[in-house]
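Novice: Pasting structure.cif below, which is mmCIF, C-alpha atoms.
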data_input
#
loop_
_atom_site.label_atom_id
_atom_site.label_comp_id
_atom_site.auth_asym_id
_atom_site.auth_seq_id
_atom_site.Cartn_x
_atom_site.Cartn_y
_atom_site.Cartn_z
CA PRO W 278 -16.13 -7.12 13.25
CA GLU W 279 -14.75 -5.03 10.35
CA TYR W 280 -15.52 -1.66 11.97
CA ASP W 281 -11.83 -0.87 12.35
CA ASP W 282 -11.18 -1.32 8.61
CA PHE W 283 -12.83 2.01 7.78
CA TRP W 284 -10.80 5.19 8.09
CA GLU W 285 -13.99 7.16 8.80
CA ASN W 286 -13.95 5.51 12.22
CA TYR W 287 -10.36 6.64 12.83
CA THR W 288 -10.53 10.43 12.61
CA PRO W 289 -7.07 12.00 12.25
CA GLU W 290 -6.06 14.55 14.86
CA THR W 291 -3.17 16.00 12.86
CA THR W 292 -1.77 16.00 9.31
CA VAL W 293 1.90 15.85 8.35
CA THR W 294 2.56 16.67 4.69
CA ILE W 295 5.63 15.22 2.97
CA GLU W 296 6.49 16.96 -0.29
CA TYR W 297 9.03 15.48 -2.69
CA SER W 298 10.93 17.65 -5.14
CA GLY W 299 13.60 15.93 -7.22
CA SER W 300 16.47 14.90 -4.96
CA SER W 301 15.02 16.40 -1.80
CA ALA W 302 11.96 16.27 0.42
CA LYS W 303 10.52 18.36 3.22
CA TYR W 304 7.69 18.11 5.69
CA SER W 305 5.17 20.68 6.84
CA GLY W 306 2.72 20.73 9.70
CA THR W 307 3.36 20.64 13.41
CA LEU W 308 4.75 17.31 14.53
CA PRO W 309 2.76 16.00 17.48
CA LYS W 310 4.51 14.57 20.51
CA GLY W 311 5.74 11.08 19.66
CA VAL W 312 6.38 11.76 15.94
CA ALA W 313 9.85 12.35 14.47
CA VAL W 314 10.75 12.77 10.80
CA SER W 315 14.23 12.06 9.43
CA ILE W 316 15.10 13.09 5.85
CA LYS W 317 18.20 12.24 3.84
CA GLY W 318 17.89 13.60 0.33
CA ALA W 319 14.40 12.44 -0.66
CA HIS W 320 14.36 9.38 1.63
CA VAL W 321 11.94 10.01 4.48
CA VAL W 322 11.72 7.93 7.67
CA VAL W 323 8.94 8.53 10.20
CA SER W 324 9.28 7.21 13.75
CA SER W 325 5.93 7.46 15.49
CA THR W 326 4.34 6.34 18.74
CA LYS W 327 1.33 8.62 18.13
CA GLY W 328 -1.97 7.40 16.71
CA LYS W 329 -4.51 9.23 14.53
CA VAL W 330 -1.89 10.91 12.33
CA ARG W 331 -2.46 11.44 8.61
CA TYR W 332 0.65 11.46 6.40
CA ARG W 333 -0.01 13.21 3.09
CA LEU W 334 2.47 12.44 0.30
CA GLN W 335 2.82 14.70 -2.74
CA GLY W 336 5.41 15.77 -5.29
CA SER W 337 7.91 13.74 -7.31
CA THR W 338 11.33 12.11 -6.88
CA ASP W 339 13.36 9.57 -8.86
CA ASN W 340 15.52 8.68 -5.83
CA GLY W 341 13.43 8.68 -2.70
CA SER W 342 11.16 6.70 -0.41
CA PHE W 343 8.71 6.87 2.47
CA LYS W 344 9.17 4.62 5.47
CA ILE W 345 7.37 4.10 8.77
CA ALA W 346 9.85 2.66 11.27
CA ASP W 347 9.00 -0.23 13.58
CA MET W 348 8.43 1.11 17.11
CA GLY W 349 7.63 -2.26 18.67
CA GLU W 350 4.70 -2.29 21.08
CA ASP W 351 4.21 1.45 20.52
CA ASN W 352 3.25 1.07 16.85
CA LYS W 353 -0.01 2.83 15.93
CA LYS W 354 -2.42 2.80 13.00
CA LEU W 355 -2.00 5.57 10.47
CA ILE W 356 -3.71 7.21 7.53
CA LEU W 357 -1.54 7.41 4.41
CA GLU W 358 -2.96 9.87 1.90
CA LEU W 359 -1.51 9.70 -1.62
CA TYR W 360 -2.10 13.23 -2.86
CA GLY W 361 -0.48 13.21 -6.29
CA VAL W 362 2.88 11.62 -5.49
CA ASN W 363 5.48 10.01 -7.76
CA ILE W 364 8.20 8.06 -5.93
CA THR W 365 10.94 5.88 -7.42
CA ASN W 366 13.39 4.18 -5.07
CA PRO W 367 16.28 2.59 -7.00
CA MET W 368 17.35 0.58 -3.90
CA GLY W 369 14.10 -0.82 -2.53
CA ALA W 370 10.46 -0.13 -1.78
CA ALA W 371 8.97 3.23 -2.65
CA ILE W 372 6.71 2.91 0.41
CA ASN W 373 7.90 0.72 3.27
CA ILE W 374 5.65 0.34 6.33
CA GLN W 375 7.42 -1.60 9.08
CA SER W 376 5.03 -0.93 11.97
CA GLY W 377 2.73 -3.95 11.59
CA LYS W 378 -0.39 -1.86 12.28
CA ALA W 379 -3.21 -1.07 9.86
CA VAL W 380 -2.59 1.52 7.14
CA TYR W 381 -5.61 3.36 5.76
CA VAL W 382 -4.46 4.15 2.20
CA ARG W 383 -6.47 7.07 0.84
CA LEU W 384 -6.22 7.81 -2.90
CA GLN W 385 -7.15 11.47 -3.16
CA GLN W 386 -9.88 12.05 -5.73
CA GLY W 387 -8.58 13.54 -8.98
CA LYS W 388 -4.93 12.74 -8.18
CA ASP W 389 -2.62 10.32 -10.03
CA ASN W 390 0.00 8.51 -7.94
CA PHE W 391 3.01 6.48 -9.06
CA LEU W 392 5.29 4.14 -7.09
CA LYS W 393 8.31 2.24 -8.42
CA ASP W 394 10.99 0.13 -6.76
CA GLY W 395 14.52 -0.81 -7.85
CA ALA W 396 15.82 -3.99 -9.43
CA VAL W 397 17.97 -4.75 -6.35
CA TYR W 398 16.85 -4.11 -2.76
CA ALA W 399 19.37 -2.84 -0.21
CA LYS W 400 19.17 -5.24 2.75
CA ILE W 401 18.42 -3.82 6.19
CA ASP W 402 18.98 -6.03 9.24
CA GLY W 403 15.74 -7.08 10.91
CA GLU W 404 13.53 -5.76 8.13
CA ASP W 405 11.37 -7.49 5.56
CA MET W 406 10.75 -5.61 2.32
CA LYS W 407 8.95 -7.52 -0.39
CA GLY W 408 7.53 -5.07 -2.91
CA ALA W 409 7.32 -1.58 -4.32
CA PHE W 410 4.53 -0.88 -1.80
CA PHE W 411 5.14 -3.01 1.29
CA SER W 412 3.48 -3.16 4.69
CA GLU W 413 3.89 -5.46 7.68
CA GLY W 414 0.27 -4.68 8.59
CA GLN W 415 -3.07 -4.42 6.80
CA LEU W 416 -3.43 -2.26 3.71
CA LEU W 417 -6.94 -0.78 3.52
CA PHE W 418 -7.49 1.02 0.21
CA SER W 419 -10.15 3.65 -0.41
CA GLY W 420 -10.57 6.95 -2.24
CA ALA W 421 -11.38 7.79 -5.85
CA GLY W 422 -7.86 8.64 -7.01
CA ASN W 423 -5.53 6.53 -9.15
CA LEU W 424 -2.46 4.51 -8.20
CA THR W 425 0.08 2.94 -10.56
CA VAL W 426 2.67 0.60 -9.03
CA THR W 427 5.63 -0.67 -11.04
CA SER W 428 7.93 -3.28 -9.57
CA ILE W 429 11.14 -4.40 -11.23
CA GLY W 430 12.63 -6.06 -8.14
CA GLY W 431 9.81 -7.47 -6.01
CA HIS W 432 6.05 -7.79 -5.76
CA GLY W 433 3.85 -4.88 -6.69
CA ILE W 434 1.72 -4.39 -3.55
CA SER W 435 2.56 -6.63 -0.60
CA SER W 436 1.26 -7.06 2.95
CA ASP W 437 2.28 -9.50 5.67
CA ASP W 438 -1.30 -9.28 6.94
CA TYR W 439 -4.34 -8.69 4.70
CA ILE W 440 -5.50 -6.29 1.99
CA ARG W 441 -8.92 -4.71 1.55
CA ILE W 442 -10.02 -2.71 -1.52
CA ARG W 443 -13.15 -0.76 -0.65
CA GLN W 444 -16.13 -0.02 -2.86
CA ASN W 445 -15.23 3.64 -3.41
CA THR W 446 -11.64 2.95 -4.49
CA GLY W 447 -10.49 4.39 -7.82
CA LYS W 448 -8.13 2.71 -10.27
CA ILE W 449 -5.12 0.64 -9.18
CA THR W 450 -2.69 -0.53 -11.88
CA VAL W 451 0.12 -2.93 -11.02
CA ASN W 452 2.98 -4.08 -13.26
CA SER W 453 5.32 -6.50 -11.50
CA VAL W 454 8.20 -8.89 -12.17
CA LYS W 455 6.84 -11.04 -9.34
CA ASP W 456 3.31 -11.17 -7.87
CA GLY W 457 0.97 -8.28 -8.57
CA PHE W 458 -0.63 -8.43 -5.11
CA SER W 459 1.01 -10.60 -2.46
CA THR W 460 -0.57 -10.99 0.96
CA LYS W 461 -0.78 -13.53 3.77
CA ASP W 462 -4.17 -13.59 5.51
CA ARG W 463 -6.62 -12.64 2.75
CA LEU W 464 -7.48 -10.19 0.01
CA VAL W 465 -11.02 -8.80 -0.18
CA MET W 466 -12.18 -6.64 -3.07
CA TYR W 467 -15.44 -4.70 -2.81
CA GLY W 468 -14.95 -2.25 -5.68
CA GLY W 469 -12.56 -0.17 -7.69
CA THR W 470 -10.83 -0.94 -10.97
CA VAL W 471 -7.76 -3.15 -10.57
CA ASN W 472 -5.51 -4.02 -13.51
CA ILE W 473 -2.61 -6.38 -12.91
CA THR W 474 0.17 -7.50 -15.23
CA SER W 475 2.67 -9.83 -13.56
CA ALA W 476 5.43 -12.27 -14.38
CA ASP W 477 4.32 -14.49 -11.48
CA GLU W 478 0.96 -14.79 -9.67
CA GLY W 479 -1.50 -12.01 -10.35
CA ILE W 480 -2.85 -12.28 -6.80
CA SER W 481 -1.16 -14.50 -4.22
CA VAL W 482 -2.62 -15.23 -0.75
CA SER W 483 -0.25 -17.49 1.17
CA LYS W 484 -2.32 -18.22 4.31
CA GLY W 485 -5.92 -17.42 3.39
CA GLY W 486 -8.46 -16.79 0.66
CA PHE W 487 -9.57 -14.29 -1.94
CA ILE W 488 -13.07 -12.82 -2.25
CA GLN W 489 -14.38 -10.44 -4.90
CA TYR W 490 -17.71 -8.78 -4.10
CA GLY W 491 -17.57 -6.05 -6.73
CA GLY W 492 -15.45 -3.82 -8.92
CA SER W 493 -13.54 -4.65 -12.07
CA LEU W 494 -10.53 -6.96 -11.91
CA ALA W 495 -8.30 -7.67 -14.92
CA ILE W 496 -5.26 -9.93 -14.51
CA THR W 497 -2.65 -10.95 -17.07
CA THR W 498 0.10 -13.30 -15.87
CA LYS W 499 3.11 -14.20 -17.98
CA GLY W 500 4.98 -16.85 -15.99
CA SER W 501 5.03 -20.41 -17.32
CA LYS W 502 3.59 -21.70 -14.02
CA ALA W 503 1.77 -18.56 -12.92
CA HIS W 504 -1.88 -18.23 -11.93
CA ALA W 505 -4.22 -15.29 -12.12
CA VAL W 506 -5.29 -15.97 -8.51
CA SER W 507 -3.47 -18.32 -6.14
CA ALA W 508 -4.68 -18.85 -2.56
CA THR W 509 -4.38 -21.50 0.13
CA GLY W 510 -7.96 -20.75 1.24
CA ASN W 511 -11.18 -20.38 -0.71
CA VAL W 512 -11.36 -18.32 -3.90
CA HIS W 513 -14.85 -16.85 -4.07
CA PHE W 514 -16.44 -14.57 -6.65
CA ALA W 515 -19.68 -12.98 -5.43
CA GLY W 516 -19.93 -10.04 -7.84
CA GLY W 517 -18.09 -7.61 -10.04
CA LEU W 518 -16.21 -8.29 -13.26
CA LEU W 519 -13.22 -10.58 -13.78
CA ASP W 520 -10.96 -10.94 -16.81
CA ALA W 521 -8.12 -13.39 -16.10
CA ARG W 522 -5.54 -14.40 -18.69
CA VAL W 523 -2.37 -16.47 -18.60
CA MET W 524 -0.07 -15.61 -21.49
#
Take the structure in the file and give it back as structure tokens.

Specialist:
Amino acid sequence: PEYDDFWENYTPETTVTIEYSGSSAKYSGTLPKGVAVSIKGAHVVVSSTKGKVRYRLQGSTDNGSFKIADMGEDNKKLILELYGVNITNPMGAAINIQSGKAVYVRLQQGKDNFLKDGAVYAKIDGEDMKGAFFSEGQLLFSGAGNLTVTSIGGHGISSDDYIRIRQNTGKITVNSVKDGFSTKDRLVMYGGTVNITSADEGISVSKGGFIQYGGSLAITTKGSKAHAVSATGNVHFAGGLLDARVM
């Protein structure tokens, strides 16, 4: 039943590379039919009705973002490859996935990636944007690279569906003024090294449970009423290492 959660079973047919450089960004690769890329400064918006596309992000900007627009019933799954990228968006999420379909997040081995939001989010009619890395759909992490997420305005990593951290995932570090990880359906951790420092819940699951099968999980929460892990469903530890602290 979890076959579709593995990017290996969703082979990309084309790759679009987005490269950030200071106040600008550019894309390379041939855009397949159904994919359009709009760039203003270093803010990139992809409108896509095409499946099996890999978007590779690299480079650095202190005023940019990456967004997948909502295409309604034509939304498709995508592979998002973080290939040594550093994005700060002073006005909202660094990565904003509005499509509601699964996102296979690949952390390229040997690459360090950094995402940071702004203290105040610019409101967009009809859009929900809850964290520095936000997705309406599932976030499925894999790959032996590193990811550091800093949120000063919202949650760190947030999904309106569920989050899976696979066994071969590298190191994910989250520092957040709200929840470290915030998701609705569930969060399942099979591996990787996850370090969370948050002012609110370390991990929050609003409509489901949390399961840790493996990996190393360290959580420090600083809120007076915060929890390391908060879930409406079961909280189950079946393996791995856990270090949870409330300061």

Novice: Running the PyMOL selection byres ((chain W and resi 462-478) around 6) on this model by hand, what would come out? Give it as a ChimeraX atom specification.

Specialist: /W:438-444,446-457,461,479-482,484-500,503-505

Novice: Tell me which residues the PyMOL selection byres ((chain W and resi 421) around 7) grabs here, as a list in words.

Specialist: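 Answer for the PyMOL selection byres ((chain W and resi 421) around 7): Leu384, Gln385, Gln386, Ser419, Gly420, Gly422, Asn423, Asn445, Thr446 and Gly447 of chain W.
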
Novice: Write out as a VMD selection string each polymer residue whose atoms come within 12 Å of range 364-370 of chain W, counting all atoms listed in the file; drop sequence neighbours fewer than 5 positions from it.

Specialist: chain W and resid 295 to 302 318 to 321 334 to 345 359 375 389 to 401 404 to 412 424 to 435

Novice: Please write the residues from the selection above to a file, keeping C-alpha atoms, as an mmCIF file, keeping the file's coordinate frame.

Specialist:
data_model
loop_
_atom_site.group_PDB
_atom_site.id
_atom_site.type_symbol
_atom_site.label_atom_id
_atom_site.label_comp_id
_atom_site.auth_asym_id
_atom_site.auth_seq_id
_atom_site.Cartn_x
_atom_site.Cartn_y
_atom_site.Cartn_z
ATOM 1 C CA ILE W 295 5.630 15.220 2.970
ATOM 2 C CA GLU W 296 6.490 16.960 -0.290
ATOM 3 C CA TYR W 297 9.030 15.480 -2.690
ATOM 4 C CA SER W 298 10.930 17.650 -5.140
ATOM 5 C CA GLY W 299 13.600 15.930 -7.220
ATOM 6 C CA SER W 300 16.470 14.900 -4.960
ATOM 7 C CA SER W 301 15.020 16.400 -1.800
ATOM 8 C CA ALA W 302 11.960 16.270 0.420
ATOM 9 C CA GLY W 318 17.890 13.600 0.330
ATOM 10 C CA ALA W 319 14.400 12.440 -0.660
ATOM 11 C CA HIS W 320 14.360 9.380 1.630
ATOM 12 C CA VAL W 321 11.940 10.010 4.480
ATOM 13 C CA LEU W 334 2.470 12.440 0.300
ATOM 14 C CA GLN W 335 2.820 14.700 -2.740
ATOM 15 C CA GLY W 336 5.410 15.770 -5.290
ATOM 16 C CA SER W 337 7.910 13.740 -7.310
ATOM 17 C CA THR W 338 11.330 12.110 -6.880
ATOM 18 C CA ASP W 339 13.360 9.570 -8.860
ATOM 19 C CA ASN W 340 15.520 8.680 -5.830
ATOM 20 C CA GLY W 341 13.430 8.680 -2.700
ATOM 21 C CA SER W 342 11.160 6.700 -0.410
ATOM 22 C CA PHE W 343 8.710 6.870 2.470
ATOM 23 C CA LYS W 344 9.170 4.620 5.470
ATOM 24 C CA ILE W 345 7.370 4.100 8.770
ATOM 25 C CA LEU W 359 -1.510 9.700 -1.620
ATOM 26 C CA GLN W 375 7.420 -1.600 9.080
ATOM 27 C CA ASP W 389 -2.620 10.320 -10.030
ATOM 28 C CA ASN W 390 0.000 8.510 -7.940
ATOM 29 C CA PHE W 391 3.010 6.480 -9.060
ATOM 30 C CA LEU W 392 5.290 4.140 -7.090
ATOM 31 C CA LYS W 393 8.310 2.240 -8.420
ATOM 32 C CA ASP W 394 10.990 0.130 -6.760
ATOM 33 C CA GLY W 395 14.520 -0.810 -7.850
ATOM 34 C CA ALA W 396 15.820 -3.990 -9.430
ATOM 35 C CA VAL W 397 17.970 -4.750 -6.350
ATOM 36 C CA TYR W 398 16.850 -4.110 -2.760
ATOM 37 C CA ALA W 399 19.370 -2.840 -0.210
ATOM 38 C CA LYS W 400 19.170 -5.240 2.750
ATOM 39 C CA ILE W 401 18.420 -3.820 6.190
ATOM 40 C CA GLU W 404 13.530 -5.760 8.130
ATOM 41 C CA ASP W 405 11.370 -7.490 5.560
ATOM 42 C CA MET W 406 10.750 -5.610 2.320
ATOM 43 C CA LYS W 407 8.950 -7.520 -0.390
ATOM 44 C CA GLY W 408 7.530 -5.070 -2.910
ATOM 45 C CA ALA W 409 7.320 -1.580 -4.320
ATOM 46 C CA PHE W 410 4.530 -0.880 -1.800
ATOM 47 C CA PHE W 411 5.140 -3.010 1.290
ATOM 48 C CA SER W 412 3.480 -3.160 4.690
ATOM 49 C CA LEU W 424 -2.460 4.510 -8.200
ATOM 50 C CA THR W 425 0.080 2.940 -10.560
ATOM 51 C CA VAL W 426 2.670 0.600 -9.030
ATOM 52 C CA THR W 427 5.630 -0.670 -11.040
ATOM 53 C CA SER W 428 7.930 -3.280 -9.570
ATOM 54 C CA ILE W 429 11.140 -4.400 -11.230
ATOM 55 C CA GLY W 430 12.630 -6.060 -8.140
ATOM 56 C CA GLY W 431 9.810 -7.470 -6.010
ATOM 57 C CA HIS W 432 6.050 -7.790 -5.760
ATOM 58 C CA GLY W 433 3.850 -4.880 -6.690
ATOM 59 C CA ILE W 434 1.720 -4.390 -3.550
ATOM 60 C CA SER W 435 2.560 -6.630 -0.600
#

Novice: Could you check which of W:Lys317, W:Arg383, W:Arg333, W:Lys378 is closest to Asp347 in chain W, using all atoms listed in the file?

Specialist: W:Lys378

Novice: Would you work out the distance separating CA of Thr288 in chain W from CA of Ala313 in chain W, expressed in Å to one decimal?

Specialist: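 Going from CA of Thr288 in chain W over to CA of Ala313 in chain W covers 20.6 Å.
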
Novice: In Å, with one decimal, what is the gap from CA of Gly387 in chain W to CA of Ser324 in chain W?

Specialist: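 Computed distance, CA of Gly387 in chain W to CA of Ser324 in chain W, equals 29.6 Å.
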